[in-house]
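run-v4.txt, holding compact mmCIF, C-alpha atoms and all ligand atoms:
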```txt
# COMPACT_ATOMS: atom_id res chain seq x y z
CA MET D 1 6.14 29.17 -3.93
CA TYR D 2 4.16 26.14 -4.98
CA LYS D 3 3.65 23.32 -2.53
CA ALA D 4 2.47 19.75 -3.01
CA PRO D 5 -1.35 19.75 -2.68
CA ARG D 6 -2.71 19.28 0.84
CA GLY D 7 -2.75 15.63 1.85
CA THR D 8 -0.12 14.60 -0.71
CA SER D 9 3.61 14.30 -0.32
CA ASP D 10 6.80 13.96 -2.29
CA ILE D 11 8.71 10.78 -1.66
CA LEU D 12 12.24 12.12 -1.36
CA PRO D 13 15.33 10.08 -2.28
CA GLN D 14 16.15 9.37 1.37
CA GLU D 15 12.70 7.76 1.79
CA GLN D 16 12.97 5.54 -1.26
CA ALA D 17 14.76 2.68 0.53
CA TYR D 18 11.56 2.14 2.57
CA TRP D 19 9.40 2.09 -0.54
CA LYS D 20 11.67 -0.31 -2.36
CA TYR D 21 11.78 -2.56 0.70
CA VAL D 22 7.98 -2.70 1.02
CA GLU D 23 7.38 -3.11 -2.71
CA GLU D 24 9.92 -5.91 -3.01
CA LYS D 25 8.43 -7.76 -0.02
CA ALA D 26 4.99 -7.35 -1.61
CA ALA D 27 6.17 -8.71 -4.95
CA SER D 28 7.94 -11.71 -3.44
CA LEU D 29 4.90 -12.50 -1.26
CA CYS D 30 2.69 -12.53 -4.35
CA GLN D 31 5.18 -14.65 -6.22
CA LEU D 32 5.10 -17.12 -3.32
CA TYR D 33 1.30 -17.40 -3.49
CA GLY D 34 0.96 -17.26 -7.28
CA TYR D 35 -0.62 -13.80 -7.59
CA GLN D 36 0.20 -11.92 -10.80
CA LEU D 37 0.75 -8.19 -11.17
CA LEU D 38 -2.03 -6.14 -12.78
CA THR D 39 -1.66 -2.40 -13.33
CA THR D 40 -4.83 -0.40 -13.93
CA PRO D 41 -5.22 3.28 -14.90
CA ILE D 42 -5.09 6.03 -12.30
CA PHE D 43 -8.56 7.20 -13.39
CA GLU D 44 -11.68 5.26 -14.30
CA ASP D 45 -15.28 5.89 -15.29
CA SER D 46 -16.67 7.39 -12.09
CA GLN D 47 -19.60 4.92 -12.14
CA LEU D 48 -17.16 2.05 -11.61
CA PHE D 49 -16.94 3.05 -7.97
CA ALA D 50 -20.74 3.26 -7.52
CA PRO D 51 -21.07 -0.20 -5.88
CA THR D 52 -18.18 0.70 -3.59
CA VAL D 53 -20.09 3.67 -2.25
CA ALA D 54 -23.63 2.55 -3.21
CA GLY D 55 -25.25 2.15 0.19
CA GLY D 56 -24.86 5.86 0.72
CA GLN D 57 -21.60 5.46 2.58
CA ILE D 58 -21.47 9.20 2.93
CA ALA D 59 -17.77 9.54 3.64
CA VAL D 60 -16.36 7.72 0.62
CA ASP D 61 -18.97 9.30 -1.65
CA LYS D 62 -17.75 12.73 -0.67
CA GLU D 63 -14.18 11.54 -0.76
CA MET D 64 -14.01 10.75 -4.46
CA TYR D 65 -12.07 12.98 -6.84
CA ILE D 66 -14.51 13.25 -9.73
CA PHE D 67 -13.96 15.36 -12.82
CA GLU D 68 -15.19 15.72 -16.37
CA ASP D 69 -12.72 15.44 -19.23
CA ARG D 70 -12.94 17.54 -22.39
CA SER D 71 -15.41 15.13 -23.97
CA GLY D 72 -17.73 15.44 -20.98
CA GLN D 73 -17.00 11.94 -19.66
CA LYS D 74 -17.25 11.73 -15.90
CA LEU D 75 -14.07 10.21 -14.51
CA ALA D 76 -12.85 9.47 -11.01
CA LEU D 77 -9.33 9.18 -9.67
CA ARG D 78 -8.88 5.63 -8.39
CA ALA D 79 -10.27 5.59 -4.85
CA GLU D 80 -9.29 1.98 -4.21
CA GLY D 81 -8.01 -1.01 -6.16
CA THR D 82 -10.67 -3.73 -6.03
CA ALA D 83 -13.29 -2.28 -8.40
CA PRO D 84 -10.65 -1.52 -11.11
CA VAL D 85 -9.27 -5.07 -10.84
CA CYS D 86 -12.80 -6.49 -11.24
CA ARG D 87 -13.38 -4.19 -14.22
CA ALA D 88 -10.18 -5.47 -15.84
CA TYR D 89 -11.19 -9.08 -15.03
CA LEU D 90 -14.43 -8.54 -16.97
CA GLU D 91 -13.00 -6.40 -19.75
CA HIS D 92 -10.25 -8.88 -20.62
CA GLY D 93 -12.36 -12.03 -20.24
CA LEU D 94 -10.25 -13.35 -17.38
CA PHE D 95 -13.33 -15.37 -16.37
CA ASN D 96 -12.40 -17.69 -19.27
CA LEU D 97 -9.22 -18.72 -17.43
CA PRO D 98 -9.21 -21.47 -14.81
CA GLN D 99 -10.66 -19.90 -11.64
CA PRO D 100 -9.79 -18.36 -9.28
CA VAL D 101 -7.68 -15.74 -11.00
CA LYS D 102 -5.14 -14.26 -8.58
CA LEU D 103 -3.98 -10.70 -9.13
CA TYR D 104 -2.09 -8.03 -7.21
CA TYR D 105 -1.40 -4.32 -7.61
CA ILE D 106 0.66 -1.51 -6.15
CA GLY D 107 -0.23 2.10 -6.83
CA PRO D 108 -1.72 5.36 -5.65
CA ALA D 109 -5.30 5.84 -4.47
CA PHE D 110 -7.04 9.17 -3.99
CA ARG D 111 -9.56 10.14 -1.33
CA TYR D 112 -10.59 13.66 -0.38
CA GLU D 113 -10.22 13.21 3.37
CA ARG D 114 -9.21 15.49 6.20
CA PRO D 115 -5.44 15.00 6.20
CA GLN D 116 -3.84 13.86 9.46
CA ALA D 117 -1.08 11.49 10.52
CA GLY D 118 -1.59 8.29 8.52
CA ARG D 119 -4.48 9.72 6.47
CA TYR D 120 -3.74 11.40 3.17
CA ARG D 121 -5.51 12.52 0.00
CA GLN D 122 -3.10 10.51 -2.08
CA HIS D 123 -1.89 7.29 -0.53
CA HIS D 124 -0.46 4.10 -2.00
CA GLN D 125 -1.89 0.64 -1.68
CA PHE D 126 -0.54 -2.82 -2.11
CA GLY D 127 -3.50 -5.13 -2.65
CA TYR D 128 -4.35 -8.55 -4.01
CA GLU D 129 -7.53 -10.29 -5.11
CA ALA D 130 -8.57 -13.91 -5.73
CA ILE D 131 -11.51 -13.80 -8.12
CA GLY D 132 -13.81 -16.55 -9.35
CA ASP D 133 -14.31 -18.96 -6.46
CA ALA D 134 -16.22 -18.70 -3.17
CA ASP D 135 -14.10 -21.29 -1.37
CA PRO D 136 -13.60 -20.18 2.28
CA ALA D 137 -10.07 -21.57 2.03
CA LEU D 138 -9.34 -18.54 -0.17
CA ASP D 139 -10.49 -16.19 2.59
CA ALA D 140 -8.04 -17.95 4.90
CA GLU D 141 -5.28 -17.77 2.28
CA VAL D 142 -5.80 -14.04 1.82
CA ILE D 143 -5.63 -13.51 5.60
CA GLU D 144 -2.57 -15.73 5.92
CA MET D 145 -0.88 -13.73 3.16
CA ALA D 146 -1.53 -10.48 5.01
CA ARG D 147 0.03 -11.89 8.16
CA ARG D 148 3.03 -13.29 6.29
CA PHE D 149 3.50 -9.94 4.56
CA PHE D 150 3.67 -7.95 7.80
CA LEU D 151 5.93 -10.55 9.41
CA SER D 152 8.25 -10.55 6.37
CA LEU D 153 8.58 -6.78 6.78
CA GLY D 154 9.73 -7.36 10.35
CA LEU D 155 6.62 -5.80 11.91
CA SER D 156 5.23 -7.17 15.13
CA GLY D 157 2.47 -6.41 17.61
CA PHE D 158 -0.41 -6.40 15.13
CA SER D 159 -3.59 -8.41 15.26
CA CYS D 160 -6.19 -9.60 12.81
CA GLN D 161 -9.83 -8.75 13.53
CA LEU D 162 -12.39 -10.94 11.79
CA ASN D 163 -16.13 -10.79 11.22
CA SER D 164 -18.81 -11.89 8.78
CA ILE D 165 -21.38 -9.38 7.58
CA GLY D 166 -23.57 -11.97 5.83
CA CYS D 167 -25.13 -11.82 2.38
CA ASN D 168 -28.16 -10.37 0.58
CA LEU D 169 -30.32 -12.94 2.31
CA CYS D 170 -29.39 -12.49 5.95
CA GLN D 171 -28.01 -8.96 6.12
CA PRO D 172 -31.38 -7.16 5.60
CA LYS D 173 -32.88 -8.95 8.62
CA TYR D 174 -29.90 -7.95 10.70
CA ILE D 175 -30.09 -4.35 9.51
CA GLU D 176 -33.75 -4.25 10.51
CA ALA D 177 -32.81 -5.42 14.01
CA LEU D 178 -30.00 -2.88 14.15
CA ARG D 179 -32.34 -0.07 13.12
CA ARG D 180 -34.81 -1.11 15.80
CA HIS D 181 -32.08 -1.05 18.44
CA TYR D 182 -30.68 2.34 17.42
CA SER D 183 -34.11 3.95 16.91
CA SER D 184 -34.63 4.01 20.66
CA TYR D 185 -31.41 6.02 21.10
CA THR D 186 -31.69 8.57 18.26
CA ALA D 187 -31.43 11.54 20.63
CA HIS D 188 -28.02 10.28 21.83
CA LEU D 189 -26.50 9.65 18.41
CA CYS D 190 -23.85 11.90 16.85
CA PRO D 191 -24.96 13.74 13.65
CA ASP D 192 -23.00 11.25 11.45
CA CYS D 193 -24.71 8.29 13.08
CA LYS D 194 -28.13 9.91 12.66
CA ALA D 195 -27.40 9.94 8.92
CA ARG D 196 -25.98 6.39 9.04
CA LEU D 197 -29.18 5.16 10.69
CA LEU D 198 -31.05 6.23 7.56
CA ARG D 199 -28.50 5.45 4.88
CA ASN D 200 -26.06 2.80 6.07
CA PRO D 201 -26.91 1.33 9.48
CA LEU D 202 -24.01 -1.19 9.44
CA ARG D 203 -21.56 1.68 9.79
CA LEU D 204 -23.26 2.67 13.07
CA LEU D 205 -21.24 -0.12 14.67
CA ASP D 206 -17.82 1.36 14.03
CA CYS D 207 -18.48 4.97 15.08
CA LYS D 208 -15.54 6.09 17.21
CA LYS D 209 -17.57 8.52 19.43
CA ALA D 210 -17.80 7.28 23.01
CA SER D 211 -21.56 7.93 23.28
CA CYS D 212 -22.24 5.96 20.07
CA GLN D 213 -19.88 3.17 21.09
CA LYS D 214 -21.94 2.66 24.23
CA ILE D 215 -25.05 2.12 22.14
CA ALA D 216 -23.11 -0.26 19.85
CA GLU D 217 -22.13 -2.39 22.83
CA THR D 218 -25.70 -3.55 23.38
CA ALA D 219 -26.59 -3.76 19.69
CA PRO D 220 -27.63 -7.10 18.19
CA ARG D 221 -24.75 -9.09 16.67
CA ILE D 222 -24.66 -9.98 13.00
CA THR D 223 -23.31 -13.43 13.78
CA ASP D 224 -26.67 -14.26 15.41
CA TYR D 225 -28.45 -13.40 12.15
CA LEU D 226 -26.29 -15.18 9.55
CA CYS D 227 -28.13 -17.58 7.23
CA PRO D 228 -26.97 -21.22 7.41
CA GLU D 229 -24.73 -20.82 4.31
CA CYS D 230 -23.01 -17.70 5.67
CA GLN D 231 -22.72 -19.34 9.07
CA ALA D 232 -21.06 -22.41 7.52
CA HIS D 233 -18.74 -20.23 5.44
CA PHE D 234 -17.69 -18.24 8.50
CA GLN D 235 -17.07 -21.44 10.48
CA SER D 236 -14.93 -22.85 7.66
CA VAL D 237 -12.84 -19.69 7.40
CA GLN D 238 -12.12 -19.92 11.13
CA GLN D 239 -11.32 -23.64 10.90
CA TYR D 240 -8.85 -23.06 8.07
CA LEU D 241 -7.22 -20.20 9.98
CA GLU D 242 -6.90 -22.40 13.05
CA ALA D 243 -5.42 -25.19 10.94
CA LEU D 244 -2.88 -22.71 9.53
CA GLY D 245 -2.08 -21.43 13.02
CA ILE D 246 -3.17 -17.87 12.16
CA PRO D 247 -4.24 -15.93 15.25
CA PHE D 248 -7.37 -13.78 14.89
CA GLN D 249 -9.89 -12.03 17.08
CA LEU D 250 -13.60 -12.11 16.32
CA ASN D 251 -14.94 -8.57 16.28
CA TYR D 252 -18.69 -8.45 15.73
CA ARG D 253 -18.49 -4.67 15.26
CA LEU D 254 -16.08 -4.81 12.33
CA VAL D 255 -17.99 -3.78 9.20
CA ARG D 256 -15.35 -2.04 6.97
CA GLY D 257 -15.74 1.25 5.15
CA LEU D 258 -16.59 0.10 1.63
CA ASP D 259 -19.98 -1.10 0.52
CA TYR D 260 -19.25 -4.10 -1.62
CA TYR D 261 -18.40 -6.57 1.13
CA THR D 262 -20.30 -9.79 1.76
CA ARG D 263 -19.51 -12.45 4.37
CA THR D 264 -15.87 -12.28 5.51
CA VAL D 265 -14.40 -8.92 6.53
CA PHE D 266 -11.08 -8.46 8.30
CA GLU D 267 -8.59 -5.81 9.34
CA VAL D 268 -4.98 -5.90 10.44
CA GLY D 269 -3.44 -3.26 12.68
CA PRO D 270 -1.58 -2.53 15.88
CA GLN D 271 -3.78 -3.62 18.74
CA GLU D 272 -3.72 -0.51 20.87
CA GLU D 273 -4.55 2.29 18.42
CA GLY D 274 -7.55 3.71 16.56
CA ALA D 275 -8.76 3.60 12.96
CA GLN D 276 -5.96 5.71 11.43
CA SER D 277 -3.47 3.05 12.40
CA THR D 278 -5.15 0.19 10.51
CA LEU D 279 -2.45 -1.23 8.30
CA GLY D 280 -4.76 -3.01 5.95
CA GLY D 281 -8.16 -4.53 5.45
CA GLY D 282 -10.10 -6.74 3.15
CA GLY D 283 -12.82 -9.26 2.73
CA ARG D 284 -15.14 -11.04 0.37
CA TYR D 285 -17.18 -9.22 -2.28
CA ASP D 286 -19.32 -11.87 -3.95
CA ASN D 287 -21.80 -9.37 -5.49
CA LEU D 288 -19.40 -6.79 -6.88
CA ILE D 289 -18.68 -8.35 -10.27
CA ALA D 290 -22.40 -8.85 -10.99
CA GLN D 291 -22.97 -5.22 -9.98
CA LEU D 292 -20.35 -4.22 -12.54
CA GLY D 293 -22.25 -6.09 -15.26
CA GLY D 294 -20.61 -9.53 -15.11
CA LYS D 295 -22.07 -12.93 -14.20
CA PRO D 296 -22.29 -13.53 -10.44
CA THR D 297 -18.65 -14.14 -9.50
CA ALA D 298 -17.13 -14.46 -6.05
CA GLY D 299 -14.03 -12.55 -4.99
CA VAL D 300 -11.92 -11.99 -1.91
CA GLY D 301 -8.94 -9.73 -1.31
CA PHE D 302 -6.95 -7.41 0.86
CA ALA D 303 -5.14 -4.08 0.60
CA ALA D 304 -2.62 -2.36 2.84
CA GLY D 305 -1.56 1.30 2.92
CA ILE D 306 2.14 1.66 2.17
CA GLU D 307 2.53 5.02 3.99
CA ARG D 308 1.09 3.47 7.15
CA ILE D 309 3.37 0.46 6.82
CA ILE D 310 6.38 2.78 6.57
CA LEU D 311 5.20 4.76 9.61
CA ASN D 312 5.14 1.49 11.53
CA LEU D 313 8.53 0.36 10.20
CA LYS D 314 9.97 3.62 11.53
CA ARG D 315 8.07 3.41 14.80
CA GLN D 316 9.33 -0.13 15.36
CA LYS D 317 12.85 0.89 14.25
CA ILE D 318 13.09 -1.87 11.66
CA ALA D 319 16.44 -1.75 9.86
CA ILE D 320 15.97 -1.33 6.10
CA PRO D 321 18.63 -2.30 3.56
CA ALA D 322 20.25 0.82 2.11
CA LEU D 323 19.86 1.56 -1.59
CA SER D 324 23.02 0.92 -3.57
CA LYS D 325 25.11 4.03 -4.19
CA PRO D 326 27.62 4.87 -6.92
CA ILE D 327 30.98 3.36 -6.01
CA ALA D 328 33.06 6.45 -6.82
CA PHE D 329 32.94 10.22 -7.15
CA ILE D 330 35.23 11.67 -9.80
CA ALA D 331 36.74 15.04 -8.91
CA TYR D 332 39.00 17.19 -11.08
CA LEU D 333 41.09 20.32 -11.05
CA GLY D 334 41.41 22.29 -14.27
CA GLU D 335 39.85 22.06 -17.73
CA GLY D 336 42.16 19.30 -19.07
CA ALA D 337 41.41 17.18 -16.02
CA LYS D 338 37.69 17.80 -16.43
CA ILE D 339 37.68 16.31 -19.92
CA ARG D 340 39.60 13.27 -18.59
CA ALA D 341 37.14 12.98 -15.69
CA ILE D 342 34.07 13.11 -17.94
CA LYS D 343 35.58 10.50 -20.28
CA LEU D 344 36.53 8.24 -17.38
CA ALA D 345 33.00 8.47 -15.93
CA SER D 346 31.53 7.49 -19.27
CA GLU D 347 33.92 4.54 -19.70
CA LEU D 348 33.30 3.24 -16.18
CA ARG D 349 29.53 3.42 -16.68
CA GLN D 350 29.97 1.60 -19.97
CA SER D 351 31.48 -1.28 -18.01
CA GLY D 352 28.62 -1.23 -15.49
CA ILE D 353 30.36 0.72 -12.72
CA ALA D 354 28.17 3.40 -11.18
CA VAL D 355 29.96 6.71 -10.65
CA ILE D 356 29.19 10.40 -10.26
CA ALA D 357 31.35 12.97 -11.97
CA ALA D 358 31.68 16.40 -10.37
CA ALA D 359 30.07 19.28 -12.24
CA GLY D 360 30.69 23.02 -12.23
CA ASP D 361 33.70 24.86 -10.96
CA LYS D 362 33.77 23.93 -7.29
CA SER D 363 37.12 23.74 -5.51
CA LEU D 364 38.55 20.28 -4.95
CA LYS D 365 37.55 20.62 -1.29
CA GLY D 366 33.99 21.46 -2.35
CA GLN D 367 33.89 18.45 -4.65
CA LEU D 368 35.08 16.12 -1.89
CA ARG D 369 32.51 17.59 0.48
CA GLN D 370 29.84 16.71 -2.07
CA ALA D 371 31.17 13.13 -2.37
CA ASP D 372 31.06 12.90 1.41
CA SER D 373 27.50 14.18 1.69
CA LEU D 374 26.40 11.64 -0.94
CA GLY D 375 27.95 8.94 1.26
CA ILE D 376 30.20 7.70 -1.54
CA ASP D 377 33.09 5.51 -0.40
CA ASN D 378 35.73 6.36 -3.02
CA ALA D 379 36.87 9.45 -4.86
CA LEU D 380 38.97 9.55 -8.00
CA LEU D 381 41.01 12.74 -8.19
CA ILE D 382 42.41 14.02 -11.45
CA GLY D 383 44.69 17.04 -11.80
CA LYS D 384 47.19 18.23 -14.39
CA ALA D 385 49.88 15.77 -13.19
CA GLU D 386 47.50 12.80 -13.42
CA VAL D 387 46.44 13.81 -16.92
CA GLU D 388 50.07 13.83 -17.98
CA SER D 389 51.00 10.56 -16.29
CA GLN D 390 47.79 8.72 -17.33
CA THR D 391 46.96 8.00 -13.70
CA VAL D 392 44.30 8.87 -11.11
CA ILE D 393 44.45 9.29 -7.36
CA LEU D 394 42.13 6.85 -5.62
CA ARG D 395 41.02 8.23 -2.26
CA ASP D 396 39.27 6.19 0.40
CA MET D 397 36.69 8.71 1.67
CA LYS D 398 36.48 7.19 5.14
CA SER D 399 40.19 6.85 5.99
CA GLY D 400 41.47 9.61 3.73
CA GLU D 401 44.09 7.17 2.43
CA GLN D 402 45.22 7.88 -1.14
CA LYS D 403 47.09 5.92 -3.78
CA VAL D 404 48.01 6.52 -7.37
CA ILE D 405 46.78 3.97 -9.91
CA PRO D 406 47.16 3.80 -13.67
CA LEU D 407 44.10 5.06 -15.52
CA ALA D 408 43.85 1.78 -17.42
CA GLU D 409 43.44 -0.17 -14.17
CA VAL D 410 40.60 1.84 -12.63
CA ALA D 411 37.76 -0.26 -14.06
CA ALA D 412 39.35 -3.56 -12.98
CA ALA D 413 40.01 -2.18 -9.48
CA PHE D 414 36.36 -1.21 -9.03
CA LYS D 415 35.12 -4.49 -10.49
CA ARG D 416 37.16 -6.23 -7.77
CA LYS D 417 35.72 -3.89 -5.12
CA GLN D 418 32.16 -4.51 -6.37
CA LYS D 419 32.69 -8.28 -6.14
CA SER D 420 34.16 -8.18 -2.67
CA GLY D 421 31.66 -5.79 -1.20
P1 LIG Z 1 -9.45 0.26 2.65
O1 LIG Z 1 -9.57 -0.24 4.06
O2 LIG Z 1 -10.31 1.39 2.28
O3 LIG Z 1 -9.74 -1.00 1.73
O4 LIG Z 1 -7.96 0.64 2.36
C1 LIG Z 1 -6.91 -0.28 2.56
C2 LIG Z 1 -5.79 0.35 3.36
O5 LIG Z 1 -5.30 1.51 2.69
C3 LIG Z 1 -6.19 0.86 4.74
O6 LIG Z 1 -6.18 -0.16 5.69
C4 LIG Z 1 -5.10 1.89 5.01
O7 LIG Z 1 -3.91 1.26 5.47
C5 LIG Z 1 -4.85 2.46 3.64
N1 LIG Z 1 -5.58 3.73 3.48
C6 LIG Z 1 -6.88 3.90 3.15
N2 LIG Z 1 -7.19 5.21 3.08
C7 LIG Z 1 -6.05 5.87 3.39
C8 LIG Z 1 -5.69 7.26 3.48
N3 LIG Z 1 -6.58 8.22 3.23
N4 LIG Z 1 -4.42 7.59 3.81
C9 LIG Z 1 -3.50 6.63 4.05
N5 LIG Z 1 -3.77 5.31 3.96
C10 LIG Z 1 -5.03 4.93 3.64
C11 LIG Z 1 -9.72 -0.98 0.36
O8 LIG Z 1 -9.36 -0.05 -0.28
C12 LIG Z 1 -10.16 -2.28 -0.25
N6 LIG Z 1 -10.05 -2.16 -1.71
C13 LIG Z 1 -9.35 -3.45 0.27
C14 LIG Z 1 -9.77 -4.74 -0.35
C15 LIG Z 1 -9.13 -5.41 -1.32
N7 LIG Z 1 -10.89 -5.40 -0.08
C16 LIG Z 1 -10.96 -6.48 -0.84
N8 LIG Z 1 -9.91 -6.50 -1.61
```

Using structure tokens, write down the structure that the file contains.
Ligand code: HAM
Amino acid sequence: MYKAPRGTSDILPQEQAYWKYVEEKAASLCQLYGYQLLTTPIFEDSQLFAPTVAGGQIAVDKEMYIFEDRSGQKLALRAEGTAPVCRAYLEHGLFNLPQPVKLYYIGPAFRYERPQAGRYRQHHQFGYEAIGDADPALDAEVIEMARRFFLSLGLSGFSCQLNSIGCNLCQPKYIEALRRHYSSYTAHLCPDCKARLLRNPLRLLDCKKASCQKIAETAPRITDYLCPECQAHFQSVQQYLEALGIPFQLNYRLVRGLDYYTRTVFEVGPQEEGAQSTLGGGGRYDNLIAQLGGKPTAGVGFAAGIERIILNLKRQKIAIPALSKPIAFIAYLGEGAKIRAIKLASELRQSGIAVIAAAGDKSLKGQLRQADSLGIDNALLIGKAEVESQTVILRDMKSGEQKVIPLAEVAAAFKRKQKSG
């Protein structure tokens, strides 16, 4: 028996109401803020993700799904959404439009990770990006949007952690100080952090191991090393957030997992839990577009994991609107009745009434059981007598009440039902 690959899952019909709910909230949020939908391919040139993993961020590097196609081109399954959006921005000359250009996306992302609750090899992201202006008010807007999104879903008890990781000017000096601090503790570092010390010292700060966290506690803070421009930008972001009444917590150890960030970084998640529970994260990436071959262009954005959102919706027992179901199930007894049933189903659908017609040679009881398990409110029963009298029996599936109605009046009766309910 085949199974879905490890770390992936089928989204079964009974789960789809959650997905529709989240995707509709995402779309209406973006409509509210003037972000337009952009859909990019599932795979890209693998080099596109190089700046995302450039600093030797070992994990993501190993996490990419990279393959060669028949022509020998090296491709990668989309690991995240920001680099593809920036690629599309450059490829389609969106820099010629008035800036910033505001875009959003919803789709799968692929990372070869160790699967566990809330961490998958294929997950889905809703993300949005404002590209083409370095205004700190955009950082605040992007953060406000994230908060409004989670609130609109009905989620509560999450917080926003905020930090600035500086720019090309100030970050190297900070990294030097960080290296100095950690060098005196090398014997106490976990193997991952030993590698991080060489390849990506910023990530030392968010190691989850208790022994490493202790060393992080006394580490120098990036905010003490920011250049005046980064300092001013960070202050402005905070002022705008305060003006908007957006609560946030400064977290000098927040560095984020991807390498393209500059200045603002932020994460949203339930306060009490660890990394797997982070609902979403984002920040500014003012060097990324130049690294992809464009002119220096600022950008800021955010992405949230839809599976994690749904886990939280379930955990918080948020009521989700049910998906609409067909209004009637058409059951029949005998071949003549079957033809009538199939024709009736087709005619009702033609007038926009959703119905399911029974199939196969189940007993009437079996057909009604199926209608019941599909949660359908009405059944239309057709037997030999109904064929002859040009009628149908309309059965209320909840009460069991039945009445005979002329065939010609079925569509109008359901139209009335649809209107009233
Ligand atoms: P990220 O933090 O890597 O950021 O991913 C965003 C969100 O996707 C995470 O907060 C998490 O909810 C979800 N996620 C990530 N990996 C997994 C996984 N393996 N399984 C389940 N959910 C996962 C980005 O991808 C950036 N592109 C965000 C961004 C947009 N920055 C600027 N603009």

Nearby polymer residues, ligand LIG 1 (chain Z), at most 6 Å, all atoms listed in the file, as a PDB file with C-alpha atoms, in the frame of the given file:
```
ATOM      1  CA  GLU D  80      -9.290   1.980  -4.210  1.00  0.00           C
ATOM      2  CA  GLY D  81      -8.010  -1.010  -6.160  1.00  0.00           C
ATOM      3  CA  THR D  82     -10.670  -3.730  -6.030  1.00  0.00           C
ATOM      4  CA  ARG D 111      -9.560  10.140  -1.330  1.00  0.00           C
ATOM      5  CA  GLY D 118      -1.590   8.290   8.520  1.00  0.00           C
ATOM      6  CA  ARG D 119      -4.480   9.720   6.470  1.00  0.00           C
ATOM      7  CA  TYR D 120      -3.740  11.400   3.170  1.00  0.00           C
ATOM      8  CA  ARG D 121      -5.510  12.520   0.000  1.00  0.00           C
ATOM      9  CA  HIS D 123      -1.890   7.290  -0.530  1.00  0.00           C
ATOM     10  CA  GLN D 125      -1.890   0.640  -1.680  1.00  0.00           C
ATOM     11  CA  GLY D 127      -3.500  -5.130  -2.650  1.00  0.00           C
ATOM     12  CA  GLU D 129      -7.530 -10.290  -5.110  1.00  0.00           C
ATOM     13  CA  THR D 278      -5.150   0.190  10.510  1.00  0.00           C
ATOM     14  CA  LEU D 279      -2.450  -1.230   8.300  1.00  0.00           C
ATOM     15  CA  GLY D 280      -4.760  -3.010   5.950  1.00  0.00           C
ATOM     16  CA  GLY D 281      -8.160  -4.530   5.450  1.00  0.00           C
ATOM     17  CA  GLY D 282     -10.100  -6.740   3.150  1.00  0.00           C
ATOM     18  CA  GLY D 283     -12.820  -9.260   2.730  1.00  0.00           C
ATOM     19  CA  VAL D 300     -11.920 -11.990  -1.910  1.00  0.00           C
ATOM     20  CA  GLY D 301      -8.940  -9.730  -1.310  1.00  0.00           C
ATOM     21  CA  PHE D 302      -6.950  -7.410   0.860  1.00  0.00           C
ATOM     22  CA  ALA D 303      -5.140  -4.080   0.600  1.00  0.00           C
ATOM     23  CA  ALA D 304      -2.620  -2.360   2.840  1.00  0.00           C
ATOM     24  CA  GLY D 305      -1.560   1.300   2.920  1.00  0.00           C
ATOM     25  CA  ARG D 308       1.090   3.470   7.150  1.00  0.00           C
TER      26      ARG D 308
END
```

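Considering the residues D:Ser159, D:Gly360, D:Pro220, D:Ser277 and counting all atoms listed in the file, Leu250 of chain D has its shortest atom-to-atom contact with D:Ser159.
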
| task | Return the single residue from D:Ala359, D:Ala345, D:Ala298, D:Ala187 that is closest to Leu407 of chain D, with distances computed using all atoms listed in the file. | result |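 Once distances to Leu407 of chain D are computed over all atoms listed in the file, the minimum belongs to D:Ala345.
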
| Top pick for closest residue to Asp135 of chain D, considering D:Thr39, D:Thr264, D:Asn251, D:Ser211 and counting all atoms listed in the file |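 That would be D:Thr264, the residue with the smallest distance to Asp135 of chain D.
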
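For Leu155 of chain D, the list of residues within 8 Å, based on all atoms listed in the file and with local chain neighbours fewer than 5 positions off taken out, reads D:Phe150, D:Asn312, D:Leu313, D:Gln316, D:Ile318.
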
| said: (-16.1, 10.3, -14.4) in this file's frame - what residues fall within 9 Å of it? Use all atoms listed in the file and give the answer as a PyMOL selection string. | reply: chain D and resi 43-48+65-69+72-77

| said: I'd like the interatomic distance between atom CA of Ala243 of chain D and atom CA of Ile143 of chain D, to a tenth of an Å. | reply: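 Separating atom CA of Ala243 of chain D from atom CA of Ile143 of chain D is a distance of 12.8 Å.
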
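Using all atoms listed in the file, the shortest contact distance between Val53 of chain D and any of D:Leu344, D:Met397, D:Asn200, D:Phe266 is found at D:Asn200.
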
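Atom pair atom CA of Asn378 of chain D / atom CA of Asp361 of chain D: separated by 20.2 Å.
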
| Excluding same-chain residues fewer than 6 positions from segment 17-22 of chain D, what lies within 9 Å of it counting only C-alpha atoms, as a list in words? |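 Result of the neighbour search: Ile11, Leu153, Ile306, Glu307, Ile309, Ile310, Leu313, Ile320, Pro321, Ala322 and Leu323 of chain D.
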
| When distances are computed from only C-alpha atoms, which of D:Asp10, D:Asp377, D:Asp372, D:Glu409 shows the smallest separation from Ser324 of chain D? | D:Asp377

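Between atom CA of Glu176 of chain D and atom CA of Ala216 of chain D the interatomic distance comes to 14.7 Å.
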
| task | Determine, counting all atoms listed in the file, every residue of protein, DNA or RNA that lies within 12 Å of (-17.0, -4.6, 14.8) in the file coordinates, then give the result as number ranges by chain. | result | D: 161-165, 202-208, 213, 216-217, 219-223, 249-257, 265-267, 275

| task | Might you pull out every residue within 9 Å of Leu288 of chain D, with only C-alpha atoms counted and same-chain residues fewer than 6 positions away left off, and present them as a ChimeraX atom specification? | result | /D:51-52,83,86,260-261,294,296-299

| Within 9 Å of Gln36 of chain D using all atoms listed in the file, minus same-chain residues under 6 positions, as a PyMOL selection string | chain D and resi 27+30+101-105+128
